[in-house]
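Peer 1: Following this line is final.cif, made up of mmCIF, C-alpha atoms:
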data_input
loop_
_atom_site.group_PDB
_atom_site.id
_atom_site.type_symbol
_atom_site.label_atom_id
_atom_site.label_comp_id
_atom_site.auth_asym_id
_atom_site.auth_seq_id
_atom_site.Cartn_x
_atom_site.Cartn_y
_atom_site.Cartn_z
ATOM 1 C CA MET A 1 110.507 90.727 111.237
ATOM 2 C CA ALA A 2 108.884 93.186 108.864
ATOM 3 C CA VAL A 3 105.447 94.660 109.171
ATOM 4 C CA VAL A 4 102.917 93.479 106.652
ATOM 5 C CA ASN A 5 102.144 96.447 104.407
ATOM 6 C CA SER A 6 98.500 96.750 105.279
ATOM 7 C CA ALA A 7 96.412 99.824 105.936
ATOM 8 C CA SER A 8 93.517 97.899 107.440
ATOM 9 C CA ALA A 9 92.888 97.349 111.138
ATOM 10 C CA ALA A 10 91.096 94.098 110.319
ATOM 11 C CA GLY A 11 93.595 91.337 110.922
ATOM 12 C CA MET A 12 96.339 93.748 111.967
ATOM 13 C CA PRO A 13 99.665 91.985 112.234
ATOM 14 C CA TYR A 14 100.472 93.567 115.601
ATOM 15 C CA SER A 15 101.996 90.344 116.904
ATOM 16 C CA LEU A 16 104.138 90.047 113.779
ATOM 17 C CA GLY A 17 105.217 93.633 113.360
ATOM 18 C CA ASP A 18 108.509 95.364 113.836
ATOM 19 C CA PRO A 19 107.731 98.683 115.544
ATOM 20 C CA LYS A 20 110.770 100.291 113.927
ATOM 21 C CA GLN A 21 109.273 99.752 110.476
ATOM 22 C CA ILE A 22 105.886 101.304 111.194
ATOM 23 C CA THR A 23 105.381 104.731 109.650
ATOM 24 C CA PRO A 24 103.195 107.532 111.022
ATOM 25 C CA ALA A 25 101.006 107.210 107.909
ATOM 26 C CA LEU A 26 100.442 103.513 108.581
ATOM 27 C CA MET A 27 99.709 104.212 112.252
ATOM 28 C CA ASP A 28 97.154 106.857 111.238
ATOM 29 C CA ALA A 29 95.573 104.499 108.700
ATOM 30 C CA TRP A 30 95.203 101.729 111.264
ATOM 31 C CA CYS A 31 93.906 104.153 113.881
ATOM 32 C CA LYS A 32 91.285 105.355 111.426
ATOM 33 C CA ASP A 33 90.115 101.749 111.093
ATOM 34 C CA PHE A 34 89.823 101.027 114.859
ATOM 35 C CA ASP A 35 86.272 99.961 115.656
ATOM 36 C CA ASN A 36 86.506 98.366 119.113
ATOM 37 C CA TRP A 37 88.453 98.783 122.318
ATOM 38 C CA GLY A 38 90.168 95.387 122.119
ATOM 39 C CA THR A 39 91.893 96.087 118.821
ATOM 40 C CA THR A 40 92.677 99.667 119.822
ATOM 41 C CA ASP A 41 94.279 98.731 123.132
ATOM 42 C CA THR A 42 96.154 95.683 121.879
ATOM 43 C CA VAL A 43 97.707 97.403 118.882
ATOM 44 C CA CYS A 44 98.694 100.450 120.937
ATOM 45 C CA PHE A 45 100.018 98.310 123.821
ATOM 46 C CA LYS A 46 101.851 95.683 121.784
ATOM 47 C CA LEU A 47 103.088 97.582 118.747
ATOM 48 C CA PHE A 48 102.464 101.313 118.371
ATOM 49 C CA ASP A 49 103.963 102.445 121.688
ATOM 50 C CA ARG A 50 107.266 100.823 120.719
ATOM 51 C CA SER A 51 107.448 102.695 117.419
ATOM 52 C CA PRO A 52 109.899 105.585 117.066
ATOM 53 C CA HIS A 53 106.849 107.668 116.098
ATOM 54 C CA ALA A 54 104.809 106.822 119.209
ATOM 55 C CA TRP A 55 105.188 110.215 120.883
ATOM 56 C CA LYS A 56 103.757 112.037 117.859
ATOM 57 C CA MET A 57 100.444 110.207 117.966
ATOM 58 C CA PRO A 58 98.664 111.107 121.231
ATOM 59 C CA PRO A 59 98.320 114.839 120.476
ATOM 60 C CA ARG A 60 96.962 114.028 117.002
ATOM 61 C CA TRP A 61 94.624 111.243 117.993
ATOM 62 C CA VAL A 62 93.003 112.885 121.038
ATOM 63 C CA LYS A 63 91.598 115.491 118.612
ATOM 64 C CA GLN A 64 89.844 112.834 116.507
ATOM 65 C CA LYS A 65 86.050 112.655 116.450
ATOM 66 C CA GLY A 66 85.731 108.848 116.364
ATOM 67 C CA GLU A 67 85.367 107.130 119.737
ATOM 68 C CA PHE A 68 88.105 104.548 119.223
ATOM 69 C CA GLN A 69 90.389 106.937 117.385
ATOM 70 C CA LYS A 70 90.238 109.390 120.284
ATOM 71 C CA ARG A 71 90.627 106.534 122.767
ATOM 72 C CA ALA A 72 93.811 105.506 120.940
ATOM 73 C CA GLY A 73 95.414 108.836 121.842
ATOM 74 C CA PHE A 74 94.791 108.298 125.543
ATOM 75 C CA VAL A 75 95.736 104.619 125.398
ATOM 76 C CA MET A 76 99.049 105.646 123.811
ATOM 77 C CA MET A 77 99.688 107.952 126.786
ATOM 78 C CA ALA A 78 99.087 105.057 129.182
ATOM 79 C CA CYS A 79 101.255 102.698 127.128
ATOM 80 C CA LEU A 80 104.128 105.165 126.877
ATOM 81 C CA ALA A 81 103.975 105.713 130.639
ATOM 82 C CA ALA A 82 104.145 101.952 131.172
ATOM 83 C CA HIS A 83 106.756 101.039 128.565
ATOM 84 C CA ASP A 84 109.056 103.961 127.712
ATOM 85 C CA ARG A 85 111.673 103.591 130.432
ATOM 86 C CA THR A 86 113.952 106.318 129.075
ATOM 87 C CA ALA A 87 111.493 109.212 128.830
ATOM 88 C CA ARG A 88 111.770 111.929 131.440
ATOM 89 C CA ASP A 89 108.819 113.253 133.422
ATOM 90 C CA ALA A 90 108.793 116.469 131.367
ATOM 91 C CA ALA A 91 107.785 114.504 128.274
ATOM 92 C CA PHE A 92 104.662 113.269 130.063
ATOM 93 C CA MET A 93 103.674 116.606 131.592
ATOM 94 C CA LYS A 94 102.300 117.799 128.238
ATOM 95 C CA PHE A 95 99.669 115.056 128.450
ATOM 96 C CA PHE A 96 97.870 116.490 131.501
ATOM 97 C CA PRO A 97 96.099 119.353 129.654
ATOM 98 C CA MET A 98 94.949 116.841 127.010
ATOM 99 C CA ILE A 99 93.653 114.554 129.754
ATOM 100 C CA GLU A 100 91.746 117.410 131.394
ATOM 101 C CA LYS A 101 90.167 118.361 128.089
ATOM 102 C CA GLY A 102 89.345 114.748 127.166
ATOM 103 C CA ALA A 103 87.779 114.029 130.559
ATOM 104 C CA SER A 104 84.522 115.686 129.495
ATOM 105 C CA ASP A 105 83.913 113.225 126.625
ATOM 106 C CA GLN A 106 80.907 111.172 127.746
ATOM 107 C CA ARG A 107 81.569 108.217 125.472
ATOM 108 C CA ASN A 108 82.323 105.139 127.534
ATOM 109 C CA PHE A 109 85.496 104.023 125.791
ATOM 110 C CA VAL A 110 86.949 107.518 125.626
ATOM 111 C CA LYS A 111 86.392 108.295 129.304
ATOM 112 C CA LYS A 112 87.896 104.935 130.272
ATOM 113 C CA GLY A 113 90.916 105.669 128.072
ATOM 114 C CA VAL A 114 91.307 109.085 129.708
ATOM 115 C CA SER A 115 91.205 107.470 133.137
ATOM 116 C CA TRP A 116 93.744 104.843 132.093
ATOM 117 C CA ALA A 117 96.145 107.540 130.889
ATOM 118 C CA LEU A 118 95.768 109.544 134.099
ATOM 119 C CA ARG A 119 96.264 106.459 136.265
ATOM 120 C CA HIS A 120 99.366 105.261 134.420
ATOM 121 C CA LEU A 121 100.959 108.697 134.554
ATOM 122 C CA GLY A 122 100.271 108.648 138.290
ATOM 123 C CA HIS A 123 102.120 105.356 138.636
ATOM 124 C CA ARG A 124 105.243 106.446 136.783
ATOM 125 C CA SER A 125 107.111 108.700 139.224
ATOM 126 C CA PRO A 126 106.564 110.746 142.385
ATOM 127 C CA LYS A 127 106.470 114.002 140.359
ATOM 128 C CA LEU A 128 103.910 112.665 137.872
ATOM 129 C CA HIS A 129 101.944 111.134 140.751
ATOM 130 C CA ALA A 130 101.637 114.546 142.395
ATOM 131 C CA THR A 131 100.406 116.089 139.133
ATOM 132 C CA ALA A 132 98.014 113.186 138.540
ATOM 133 C CA MET A 133 96.643 113.599 142.085
ATOM 134 C CA LYS A 134 96.094 117.314 141.499
ATOM 135 C CA THR A 135 94.421 116.696 138.125
ATOM 136 C CA ALA A 136 92.252 113.826 139.408
ATOM 137 C CA THR A 137 91.192 115.811 142.479
ATOM 138 C CA LYS A 138 90.214 118.777 140.321
ATOM 139 C CA LEU A 139 88.225 116.535 137.964
ATOM 140 C CA SER A 140 86.540 114.712 140.877
ATOM 141 C CA LYS A 141 85.072 118.034 142.045
ATOM 142 C CA SER A 142 83.813 119.097 138.625
ATOM 143 C CA GLU A 143 80.195 119.991 137.882
ATOM 144 C CA ASN A 144 80.480 117.716 134.819
ATOM 145 C CA ALA A 145 79.489 114.124 135.688
ATOM 146 C CA THR A 146 81.934 112.550 133.221
ATOM 147 C CA GLU A 147 84.858 114.590 134.529
ATOM 148 C CA ARG A 148 83.842 113.640 138.073
ATOM 149 C CA TRP A 149 83.791 109.956 137.104
ATOM 150 C CA VAL A 150 87.280 110.158 135.524
ATOM 151 C CA GLY A 151 88.685 111.979 138.554
ATOM 152 C CA LYS A 152 87.194 109.598 141.098
ATOM 153 C CA ASP A 153 88.184 106.525 139.090
ATOM 154 C CA ALA A 154 91.786 107.740 138.892
ATOM 155 C CA LEU A 155 91.894 108.695 142.577
ATOM 156 C CA ARG A 156 90.684 105.241 143.617
ATOM 157 C CA ASP A 157 93.688 103.775 141.866
ATOM 158 C CA ILE A 158 96.499 106.241 142.487
ATOM 159 C CA THR A 159 95.754 106.556 146.219
ATOM 160 C CA ARG A 160 96.033 102.806 146.820
ATOM 161 C CA PRO A 161 98.783 101.823 149.294
ATOM 162 C CA ALA A 162 100.413 99.586 146.667
ATOM 163 C CA VAL A 163 100.862 102.553 144.332
ATOM 164 C CA ARG A 164 102.209 104.793 147.069
ATOM 165 C CA ASN A 165 104.636 102.060 148.186
ATOM 166 C CA LYS A 166 105.856 101.561 144.617
ATOM 167 C CA LEU A 167 106.491 105.294 144.272
ATOM 168 C CA ARG A 168 108.269 105.424 147.632
ATOM 169 C CA ALA A 169 110.521 102.574 146.485
ATOM 170 C CA LYS A 170 111.300 104.455 143.255
ATOM 171 C CA ARG A 171 112.167 107.575 145.250
ATOM 172 C CA TRP A 172 114.325 105.564 147.669
ATOM 173 C CA GLY A 173 116.083 103.806 144.769
ATOM 174 C CA ARG A 174 116.987 107.137 143.163
ATOM 175 C CA ARG A 175 118.379 108.513 146.414
ATOM 176 C CA ARG A 176 120.487 105.412 146.963
ATOM 177 C CA ARG A 177 121.853 105.547 143.380
ATOM 178 C CA ARG A 178 122.764 109.224 143.803
ATOM 179 C CA ARG A 179 124.457 108.511 147.127
ATOM 180 C CA ASN A 180 126.451 105.621 145.612
ATOM 181 C CA ARG A 181 127.583 107.820 142.695
ATOM 182 C CA SER A 182 128.918 110.477 145.069
ATOM 183 C CA ARG A 183 131.176 107.985 146.886
#
Let me see the structure of the file written as structure tokens.

Peer 2:
Amino acid sequence: MAVVNSASAAGMPYSLGDPKQITPALMDAWCKDFDNWGTTDTVCFKLFDRSPHAWKMPPRWVKQKGEFQKRAGFVMMACLAAHDRTARDAAFMKFFPMIEKGASDQRNFVKKGVSWALRHLGHRSPKLHATAMKTATKLSKSENATERWVGKDALRDITRPAVRNKLRAKRWGRRRRRRNRSR
């Protein structure tokens, strides 16, 4: 299915699009047109994060001035952490400095996007969980109220027993696969 050649976020064909046919220019044009969190999150979660250009967007978009444009950068981090099953931890590590910097943005939808990115990175693997814990703990102790909120919000999630159990299962699964390969 082809993507409708539209540069407008209004009526985006995210449910009709083929992520492989989306260009960075079209992604930027749609991002520029984001004006609410629902459109931003849905398009990033259902279409953009599956594009071959997805990894290029977070560093560009987190520098944007618009609330929903900047949010899109952090939402893309969360979506990539949730959906890109082939990416290695190293690819996600570059997001932590962007998250720390973005955590001071007081705007409601940006700070919630920052928290979402931090939480999803913390769910992905034991290594990323440890880095997310360190980042969230640092933010939770900040003098800046917005950074404190992001840190505490992330810690509430990534310290839950369900998250720790999921990460333990991932670690155990890797060990068992390695052991089976060596036989």

Peer 1: In Å, how far is it from CA of Phe95 (chain A) to CA of Asp18 (chain A)?

Peer 2: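 So the answer is 26.1 Å.
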
Peer 1: Just to confirm, what's the straight-line distance from CA of Ala91 (chain A) to CA of Leu128 (chain A) in Å (one decimal)?

Peer 2: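 These atoms are spaced 10.5 Å apart.
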
Peer 1: Could you pull the residues within 12 Å of Ala78 (chain A), counting all atoms listed in the file, minus those fewer than 5 positions along the same chain, as an MDAnalysis selection string?

Peer 2: chainID A and resid 41 44:45 48:49 54:55 58 71:73 83:84 92 95:96 99 112:124

Peer 1: Closest to His53 (chain A) among A:Ala87, A:Ile22, A:Ala81, A:Ala132, using only C-alpha atoms?

Peer 2: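 Of A:Ala87, A:Ile22, A:Ala81, A:Ala132, the one nearest His53 (chain A), counting only C-alpha atoms, is A:Ile22.
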
Peer 1: Compile the contact shell of Val110 (chain A) as a short mmCIF file (atom, residue, chain, number, x, y, z; two decimals) with C-alpha atoms, in the coordinates of the input: residues with an atom at most 12 Å away, counting only C-alpha atoms, same-chain residues fewer than 2 positions apart removed.

Peer 2:
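As written to disk, part.cif reads:
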data_model
loop_
_atom_site.label_atom_id
_atom_site.label_comp_id
_atom_site.auth_asym_id
_atom_site.auth_seq_id
_atom_site.Cartn_x
_atom_site.Cartn_y
_atom_site.Cartn_z
CA ASN A 36 86.51 98.37 119.11
CA TRP A 37 88.45 98.78 122.32
CA THR A 40 92.68 99.67 119.82
CA ASP A 41 94.28 98.73 123.13
CA TRP A 61 94.62 111.24 117.99
CA VAL A 62 93.00 112.88 121.04
CA LYS A 63 91.60 115.49 118.61
CA GLN A 64 89.84 112.83 116.51
CA LYS A 65 86.05 112.66 116.45
CA GLY A 66 85.73 108.85 116.36
CA GLU A 67 85.37 107.13 119.74
CA PHE A 68 88.10 104.55 119.22
CA GLN A 69 90.39 106.94 117.38
CA LYS A 70 90.24 109.39 120.28
CA ARG A 71 90.63 106.53 122.77
CA ALA A 72 93.81 105.51 120.94
CA GLY A 73 95.41 108.84 121.84
CA PHE A 74 94.79 108.30 125.54
CA VAL A 75 95.74 104.62 125.40
CA ILE A 99 93.65 114.55 129.75
CA LYS A 101 90.17 118.36 128.09
CA GLY A 102 89.34 114.75 127.17
CA ALA A 103 87.78 114.03 130.56
CA SER A 104 84.52 115.69 129.50
CA ASP A 105 83.91 113.22 126.62
CA GLN A 106 80.91 111.17 127.75
CA ARG A 107 81.57 108.22 125.47
CA ASN A 108 82.32 105.14 127.53
CA LYS A 112 87.90 104.94 130.27
CA GLY A 113 90.92 105.67 128.07
CA VAL A 114 91.31 109.08 129.71
CA SER A 115 91.20 107.47 133.14
CA TRP A 116 93.74 104.84 132.09
CA ALA A 117 96.14 107.54 130.89
CA THR A 146 81.93 112.55 133.22
CA GLU A 147 84.86 114.59 134.53
CA VAL A 150 87.28 110.16 135.52
#

Peer 1: Between A:Lys46, A:Lys56, A:Pro126, A:Met27, which has the minimum distance to Arg168 (chain A) (counting all atoms listed in the file)?

Peer 2: A:Pro126

Peer 1: Name the closest residue to Asp35 (chain A) among the candidates A:Phe109, A:Thr159, A:Gln21, A:Lys138; distances are taken between atoms, counting all atoms listed in the file.

Peer 2: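 Ranked by minimum distance to Asp35 (chain A), first place goes to A:Phe109.
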
Peer 1: Ranking A:Lys127, A:Arg156, A:Arg60, A:Lys170 by minimum distance to Asp89 (chain A) and counting only C-alpha atoms, which one comes first?

Peer 2: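 With only C-alpha atoms as the atom set, the closest residue is A:Lys127.
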
Peer 1: For Gly151 (chain A), find every residue with an atom within 6 Å (counting all atoms listed in the file), except residues of its own chain fewer than 5 positions away, and show them as an mmCIF file with C-alpha atoms, keeping the file's coordinate frame.

Peer 2:
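Result file follows (result_33.cif):
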data_model
loop_
_atom_site.group_PDB
_atom_site.id
_atom_site.type_symbol
_atom_site.label_atom_id
_atom_site.label_comp_id
_atom_site.auth_asym_id
_atom_site.auth_seq_id
_atom_site.Cartn_x
_atom_site.Cartn_y
_atom_site.Cartn_z
ATOM 1 C CA ALA A 136 92.252 113.826 139.408
ATOM 2 C CA LEU A 139 88.225 116.535 137.964
ATOM 3 C CA SER A 140 86.540 114.712 140.877
#

Peer 1: How many Å lie between CA of Leu167 (chain A) and CA of Lys134 (chain A), rounded to one decimal?

Peer 2: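 One can read the CA of Leu167 (chain A) to CA of Lys134 (chain A) distance as 16.1 Å.
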
Peer 1: For a quick check of understanding, using all atoms listed in the file, which of A:Val43, A:Ile158, A:Gly38, A:Cys31 has the smallest distance to Pro19 (chain A)?

Peer 2: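 For Pro19 (chain A), the nearest of the candidates is A:Val43.
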